[in-house]
Amino acid sequence: MQVDLILGKLEEIVEANFVSNRMEDLYIYSQDPGASLSRQVDYVVMPESVEQVQEIVKLANKEKIPIIPMGGGLTLSGLVIPLKGGIVMDMKRMNKIVEINESSRYALLEAGVTSGQLLAYLNKNYPELEPPIPDAPPSVTIAGNALIHGSGYLSQKFGDHGSMINGIEVVLADGDVYKFGSCAVSDYWFTRGPIPDLIGLFISSFGTMGIITKLSIKLFPKHKMRDIVFGLCKDPNVLPELISSITFSDVAEDILLGIQDKPDWMKGYTFIIVYITGDSEEELNDKTKSLKKMYRKGNARYMKVPKQIEEIFLEKPQFAAKAADFRKGGGFEYVGAFIPLQLIPNLIQIGTEISLNHGIVPTLGARLIGQGHSAMFFISYSFNRADPKDMENARDALHETNKAVLEIGGIPWKAEVEGQKLIMEKMNPNYKKLLKNIKNLIDPNGIMNPGNWEV
Amino acid sequence: MGGVILISESKEQDWKDIVHRCFRCGYCKFTADYSDFNCPSYKKYRFETYSTGGRMWTIYGLISGEIPWNEQVSNVIYACSTCGNCMENCRFERFKDFLVDFIESARKEAYIQGFCPEKQKVLRERIENTEMFNPYGEKNSNNEALKKQYNLPDKAEWVYFVGCTSNYRQKELRDATLRFLKKSNIDFTLIDEHCCCSPIIRTGQTDCVKDFINYNLLKIRETGASKIITSCAGCYRTMKSDWRKYDDFTDIEIFHTIELINDFLKENKLKFKSELPRTMITYHDPCHLGRHMGIYEIPRNILKNIPGVELIEMERNRGNAWCCGAGGGVKIGYPEWSVEISKERLEEAKSINVSLIASACPFCRTNLNDANVRYDMGFEVLDIIEIIDQLDYDVI
């Protein structure tokens, strides 16, 4: 079908104001803030309802046009930049908070609800409930983050945000609407089971399985008080045991690690940032005392930090995008590797070496996930967006890091397409075979974000 | 508040060295608590292109040659009221101060490249028209009649710079200001003023600006004045901030009327002898005065001191205020949308049950009232000086 006919059909579905193939819009949607090169986009469309999503998917399936769902567009790893052209479906107009279930503690959201929107809504209307939000700008979507195995607030205690999904509504390539989780059986979107759990198919599949239009996410009790107990550690080798002991004690709501060569006073240390919560000063004091003891016992030490530094870490959401400004160049991307705890010292060494080899100031860190079961360890590379060679250098560093992570037994998170290829090289052949068969079954024309996870 | 000098007379290389620092994280779109989008342009168009981050990337694309100028790109650059919400919420220090300057500089480039929209071009045509010298297309008022009416001298310490909106569209506001100044026994006069150039600076048509500044400064100096006072937030910002990018004058101070009123209150010189019937009022922060010049508390202090006034804040206030939608060339370029933006502000006022919306900017007053009439919202929209004008008062 000719370009203008596709445009006309899309305009019929969503009205002209919300579809574009204008050069200036395609330019913006052809790139993301990470280090990926720009890639061709043919249309951008912004549906407002699940019915509109269905119509668009049916059109794309009929015409065999790739379709790429987009939340906040901030994965940094190019996951919403088409690999084979096509329609970028920007979900931001589907931004209704459909339900907050106070007693079962979940939020039913349309796919375009941002983390900032949910956070503000709960703060105002349900101040005793806390949403899982990522260390990312408030414009990221709750659905987008959960659907990439995102992590962030509450991950230490309750797991990655993907595991907090109770249910999803999905439009598959055939244009039909499917429900997964308890909502497939009940009016309540309160849990994933107890039926065969197919939700995992849609997590970290980067839009290759279907378009998620609604999602139920767990909410958690918000304690009255929140504080941070900072620790400082010189020897990375003590970290796995120390972190393990902290998670075993159940005092920490969240745990972050930070390793940076700049500013100079941070060089050579790992900063341990433990978030504690409670309902009284006494409770917080007890937890602080416990942590101080654990730091001492674990060959680390408690560190008192100025109030303004504490406030930076207590902000919700944290201003993680500041890494883009380290070199005043407007860009950064990181390998976030899911690793078992014992690999933390290895990754500190690997990340530092790769950074220095590429002339980039080492900026590393980790967020603990699921009470010590794993960590998301990030190695961040800042670059100057206006310098193509610098961007290429960052891409090389990212690729090298992906390889190193896989070699030692970790798995790159939300990997860009080259990283996905590396993962699949190591992937169990039968896993790949099954993945391919499932994909072919539910998307026979290969229209769903093609090029990603391509077996 | 706006950045200074760095890109005021931008060269292509200057932009290129800075503009790519935008990461497009999106803080610029939001209210302070992230509960809603507070960028009028993004809220209307919804494409990422129309966020300030999108504009920064578009500007970079224009500079790098990845995209060419055309009318649609020009629309991206002009469909922005330059309200400064992005400057308030961007997290990149120093860079944030220049976001509106970037957009205005891109508009200069659009103008040079022949892509300034026709509707905005009219502003310059009218201002340069020697019969007019104002953006409204009215015959120039040399203010001699007003001088005579108010018995104003040729030489004075102060010049009341009326501003085109007050002189040609909001005459009640102008007259209320004149009566206040007269009653204050301020030694002031008027000049045959020409446009302060705010409309053409905001729309990138700047090549004649220096001449207008020179003319106005000359006329002011002829009176012997060392102080300018204006009731117009747009003139105030332009004279106090933009003029100084063109002429580093130090012999003349610039005041908004509310600053004078506030000083009188502080010095106990302004005595109200009557009171308004009990009135629930909210204050709309003009972007020119608030986000661009940092004046938030003075108008509130005045309103709180007016007998009978109960000041109630809208949810979005001060640096977090929703724009009225008139600025940045939007009123003339996108008249329908401009009024829709004001409608959102009036709906916000409706939700707090006030009957009167006060501001300190004739342009905000115009646009808010246009929406008020268009959508039959039933508010009274007045400038602070008009509210004071309703009262009996002495300045001692």
# chains A, B, ... in the order shown; residues from 1 in each chain; ligands from 1

$ interface_residues --of "chain A" --to "chain B" --cutoff "7 Å" --atoms "only C-alpha atoms" --output "list of chain:residue names"
A:Glu24, A:Asp25, A:Ile28, A:Pro33, A:Gly116, A:Gln117, A:Ala120, A:Tyr121, A:Pro137, A:Pro138, A:Ser139, A:Ala321, A:Ala324, A:Lys328, A:Gly329, A:Gly330, A:Gly331, A:Arg385, A:Ala386

$ write_last_selection --atoms "all heavy atoms" --output "CSV table (one decimal), in the first residue's frame"
chain,number,residue,atom,x,y,z
A,24,GLU,N,10.1,16.1,10.6
A,24,GLU,CA,10.6,16.5,11.9
A,24,GLU,C,10.2,15.6,13.1
A,24,GLU,O,11.0,15.4,14.0
A,24,GLU,CB,10.2,18.0,12.2
A,24,GLU,CG,8.7,18.2,12.5
A,24,GLU,CD,7.9,18.3,11.2
A,24,GLU,OE1,8.4,18.1,10.1
A,24,GLU,OE2,6.7,18.7,11.2
A,25,ASP,N,9.0,15.0,13.0
A,25,ASP,CA,8.6,14.0,14.0
A,25,ASP,C,9.4,12.7,13.8
A,25,ASP,O,9.8,12.1,14.8
A,25,ASP,CB,7.1,13.8,13.9
A,25,ASP,CG,6.3,15.0,14.3
A,25,ASP,OD1,6.7,15.7,15.2
A,25,ASP,OD2,5.3,15.2,13.6
A,28,ILE,N,12.8,12.9,15.4
A,28,ILE,CA,12.9,12.8,16.8
A,28,ILE,C,12.7,11.3,17.3
A,28,ILE,O,13.4,10.8,18.1
A,28,ILE,CB,11.8,13.7,17.5
A,28,ILE,CG1,12.2,15.2,17.3
A,28,ILE,CG2,11.7,13.4,19.0
A,28,ILE,CD1,13.5,15.7,17.9
A,33,PRO,N,17.9,8.7,23.6
A,33,PRO,CA,19.0,9.4,24.3
A,33,PRO,C,20.2,8.6,24.5
A,33,PRO,O,21.2,9.1,25.0
A,33,PRO,CB,18.4,9.9,25.6
A,33,PRO,CG,16.9,9.8,25.5
A,33,PRO,CD,16.7,8.7,24.5
A,116,GLY,N,5.9,9.4,37.1
A,116,GLY,CA,5.6,10.7,37.8
A,116,GLY,C,4.1,10.8,38.1
A,116,GLY,O,3.7,11.3,39.2
A,117,GLN,N,3.3,10.5,37.1
A,117,GLN,CA,1.9,10.6,37.2
A,117,GLN,C,1.4,9.7,38.4
A,117,GLN,O,0.6,10.2,39.2
A,117,GLN,CB,1.2,10.2,35.9
A,117,GLN,CG,-0.3,10.4,35.8
A,117,GLN,CD,-0.9,9.8,34.6
A,117,GLN,OE1,-0.1,9.4,33.6
A,117,GLN,NE2,-2.2,9.7,34.5
A,120,ALA,N,2.6,11.0,41.8
A,120,ALA,CA,1.9,12.2,42.3
A,120,ALA,C,0.4,11.8,42.7
A,120,ALA,O,-0.1,12.3,43.7
A,120,ALA,CB,1.8,13.2,41.2
A,121,TYR,N,-0.2,10.9,41.9
A,121,TYR,CA,-1.6,10.5,42.2
A,121,TYR,C,-1.7,9.8,43.5
A,121,TYR,O,-2.6,10.1,44.3
A,121,TYR,CB,-2.1,9.6,41.1
A,121,TYR,CG,-3.5,9.2,41.2
A,121,TYR,CD1,-4.5,10.1,40.8
A,121,TYR,CD2,-3.9,8.0,41.7
A,121,TYR,CE1,-5.9,9.8,40.9
A,121,TYR,CE2,-5.2,7.7,41.9
A,121,TYR,CZ,-6.2,8.6,41.5
A,121,TYR,OH,-7.6,8.2,41.6
A,137,PRO,N,13.8,9.3,34.8
A,137,PRO,CA,13.0,10.5,34.9
A,137,PRO,C,11.5,10.1,35.0
A,137,PRO,O,11.1,9.0,34.6
A,137,PRO,CB,13.3,11.1,33.5
A,137,PRO,CG,14.6,10.6,33.1
A,137,PRO,CD,14.7,9.2,33.7
A,138,PRO,N,10.7,11.1,35.5
A,138,PRO,CA,9.3,10.8,35.7
A,138,PRO,C,8.5,10.6,34.4
A,138,PRO,O,7.3,10.2,34.5
A,138,PRO,CB,8.8,12.1,36.4
A,138,PRO,CG,9.8,13.2,36.1
A,138,PRO,CD,11.1,12.5,35.9
A,139,SER,N,9.1,10.8,33.3
A,139,SER,CA,8.4,10.6,32.0
A,139,SER,C,8.4,9.1,31.6
A,139,SER,O,7.7,8.8,30.6
A,139,SER,CB,9.0,11.5,30.9
A,139,SER,OG,10.4,11.4,30.9
A,321,ALA,N,19.4,10.7,35.4
A,321,ALA,CA,19.9,11.2,34.1
A,321,ALA,C,21.0,12.2,34.3
A,321,ALA,O,21.6,12.7,33.3
A,321,ALA,CB,18.7,11.9,33.4
A,324,ALA,N,24.1,11.9,32.2
A,324,ALA,CA,24.2,12.5,30.8
A,324,ALA,C,25.0,13.8,30.8
A,324,ALA,O,25.4,14.3,29.8
A,324,ALA,CB,22.8,12.6,30.2
A,328,LYS,N,28.9,17.1,30.0
A,328,LYS,CA,28.2,18.2,29.3
A,328,LYS,C,27.9,17.9,27.9
A,328,LYS,O,27.9,18.8,27.0
A,328,LYS,CB,29.0,19.6,29.4
A,328,LYS,CG,29.4,19.9,30.9
A,328,LYS,CD,28.2,20.4,31.7
A,328,LYS,CE,28.6,20.7,33.1
A,328,LYS,NZ,28.2,19.8,34.1
A,329,GLY,N,27.8,16.6,27.6
A,329,GLY,CA,27.6,16.2,26.2
A,329,GLY,C,26.2,15.6,25.9
A,329,GLY,O,26.0,15.2,24.8
A,330,GLY,N,25.4,15.5,26.9
A,330,GLY,CA,24.0,15.2,26.7
A,330,GLY,C,23.8,13.7,26.5
A,330,GLY,O,22.7,13.3,26.0
A,331,GLY,N,24.8,12.8,26.7
A,331,GLY,CA,24.5,11.4,26.4
A,331,GLY,C,25.1,10.5,27.4
A,331,GLY,O,26.2,10.7,28.0
A,385,ARG,N,27.1,13.8,22.6
A,385,ARG,CA,26.2,13.5,21.5
A,385,ARG,C,26.6,14.2,20.2
A,385,ARG,O,26.3,13.8,19.1
A,385,ARG,CB,24.8,14.0,22.0
A,385,ARG,CG,23.7,13.7,21.0
A,385,ARG,CD,22.4,14.1,21.6
A,385,ARG,NE,22.2,13.4,22.9
A,385,ARG,CZ,21.9,12.1,23.0
A,385,ARG,NH1,21.8,11.4,21.9
A,385,ARG,NH2,21.8,11.5,24.2
A,386,ALA,N,27.3,15.3,20.3
A,386,ALA,CA,27.7,16.0,19.1
A,386,ALA,C,29.0,15.5,18.5
A,386,ALA,O,29.5,16.0,17.5
A,386,ALA,CB,27.9,17.5,19.5

$ select_by_dssp --residues "region 202-278 of chain B" --states "strand (DSSP E)" --output "list in words"
Lys227, Ile228, Ile229, Thr230, Glu253, Ile254, Phe255, His256, Leu270, Lys271 and Phe272 of chain B

$ residues_around --residues "region 354-363 of chain A" --least-positions-apart "6" --cutoff "8 Å" --atoms "only C-alpha atoms" --output "number ranges by chain"
A: 258-262, 379-382, 393-394, 397, 400-401

$ atom_distance --atom1 "CA of Leu441 (chain A)" --atom2 "CA of Gln2 (chain A)"
28.1 Å

$ residues_around --residues "region 189-199 of chain A" --least-positions-apart "6" --cutoff "9 Å" --atoms "only C-alpha atoms" --output "NGL selection string"
:A and (101 or 104-108 or 165-168 or 180-183 or 215-218)

$ select_by_dssp --residues "region 63-95 of chain B" --states "helix (DSSP H, G or I)" --output "list of chain:residue names"
B:Ile63, B:Ser64, B:Glu71, B:Gln72, B:Val73, B:Ser74, B:Asn75, B:Val76, B:Ile77, B:Tyr78, B:Asn85, B:Cys86, B:Met87, B:Glu88, B:Asn89, B:Phe95

$ atom_distance --atom1 "CA of Leu435 (chain A)" --atom2 "CA of Val405 (chain A)"
22.7 Å

$ residues_around --residues "Ile68 (chain A)" --least-positions-apart "6" --cutoff "7 Å" --atoms "only C-alpha atoms" --output "ChimeraX atom specification"
/A:80,82,87-89,207,448-449

$ residues_around --residues "Val335 (chain A)" --least-positions-apart "3" --cutoff "12 Å" --atoms "only C-alpha atoms" --output "MDAnalysis selection string"
chainID A and resid 34:35 75:77 332 338:339 347 350:351 354:355 363:366 376:382 394:406 410:416 419

$ residues_around --residues "Leu219 (chain A)" --least-positions-apart "5" --cutoff "12 Å" --atoms "only C-alpha atoms" --output "VMD selection string"
chain A and resid 99 to 108 118 to 119 122 126 to 133 142 153 to 154 158 161 164 to 166 190

$ write_last_selection --atoms "C-alpha atoms" --output "PDB file, in the first residue's frame"
ATOM      1  CA  GLU A  99      -8.220   1.609  39.450  1.00  0.00           C
ATOM      2  CA  ILE A 100      -6.360   1.729  42.715  1.00  0.00           C
ATOM      3  CA  ASN A 101      -7.285  -1.248  44.824  1.00  0.00           C
ATOM      4  CA  GLU A 102      -6.416  -0.208  48.329  1.00  0.00           C
ATOM      5  CA  SER A 103      -7.046  -3.472  50.116  1.00  0.00           C
ATOM      6  CA  SER A 104      -5.276  -5.764  47.675  1.00  0.00           C
ATOM      7  CA  ARG A 105      -2.769  -3.025  46.923  1.00  0.00           C
ATOM      8  CA  TYR A 106      -2.507  -2.824  43.181  1.00  0.00           C
ATOM      9  CA  ALA A 107      -2.855  -0.166  40.508  1.00  0.00           C
ATOM     10  CA  LEU A 108      -4.539  -0.923  37.210  1.00  0.00           C
ATOM     11  CA  LEU A 118       1.310   7.542  39.412  1.00  0.00           C
ATOM     12  CA  LEU A 119       3.649   8.786  42.108  1.00  0.00           C
ATOM     13  CA  LEU A 122      -0.783   8.184  45.061  1.00  0.00           C
ATOM     14  CA  TYR A 126      -3.400   7.255  48.710  1.00  0.00           C
ATOM     15  CA  PRO A 127      -0.471   8.548  50.757  1.00  0.00           C
ATOM     16  CA  GLU A 128      -0.066   5.231  52.526  1.00  0.00           C
ATOM     17  CA  LEU A 129       0.684   3.372  49.316  1.00  0.00           C
ATOM     18  CA  GLU A 130       3.980   3.290  47.498  1.00  0.00           C
ATOM     19  CA  PRO A 131       4.469   2.465  43.812  1.00  0.00           C
ATOM     20  CA  PRO A 132       7.500   0.715  42.373  1.00  0.00           C
ATOM     21  CA  ILE A 133       9.214   3.389  40.301  1.00  0.00           C
ATOM     22  CA  ILE A 142       5.187   2.256  34.747  1.00  0.00           C
ATOM     23  CA  TYR A 153      12.359   1.542  44.455  1.00  0.00           C
ATOM     24  CA  LEU A 154      11.431  -1.482  46.547  1.00  0.00           C
ATOM     25  CA  PHE A 158      10.220  -7.194  46.711  1.00  0.00           C
ATOM     26  CA  HIS A 161       9.429  -4.568  38.877  1.00  0.00           C
ATOM     27  CA  MET A 164       5.396  -7.069  40.518  1.00  0.00           C
ATOM     28  CA  ILE A 165       3.064  -7.374  37.534  1.00  0.00           C
ATOM     29  CA  ASN A 166      -0.271  -8.920  38.479  1.00  0.00           C
ATOM     30  CA  PHE A 190      -4.755  -9.005  41.964  1.00  0.00           C
TER      31      PHE A 190
END

$ atom_distance --atom1 "CA of Asn301 (chain B)" --atom2 "CA of Ser355 (chain B)"
19.1 Å

$ closest_residue --among "B:Asp242, B:Glu88, B:Glu131, B:Glu386" --to "Cys39 (chain B)" --atoms "only C-alpha atoms"
B:Glu88
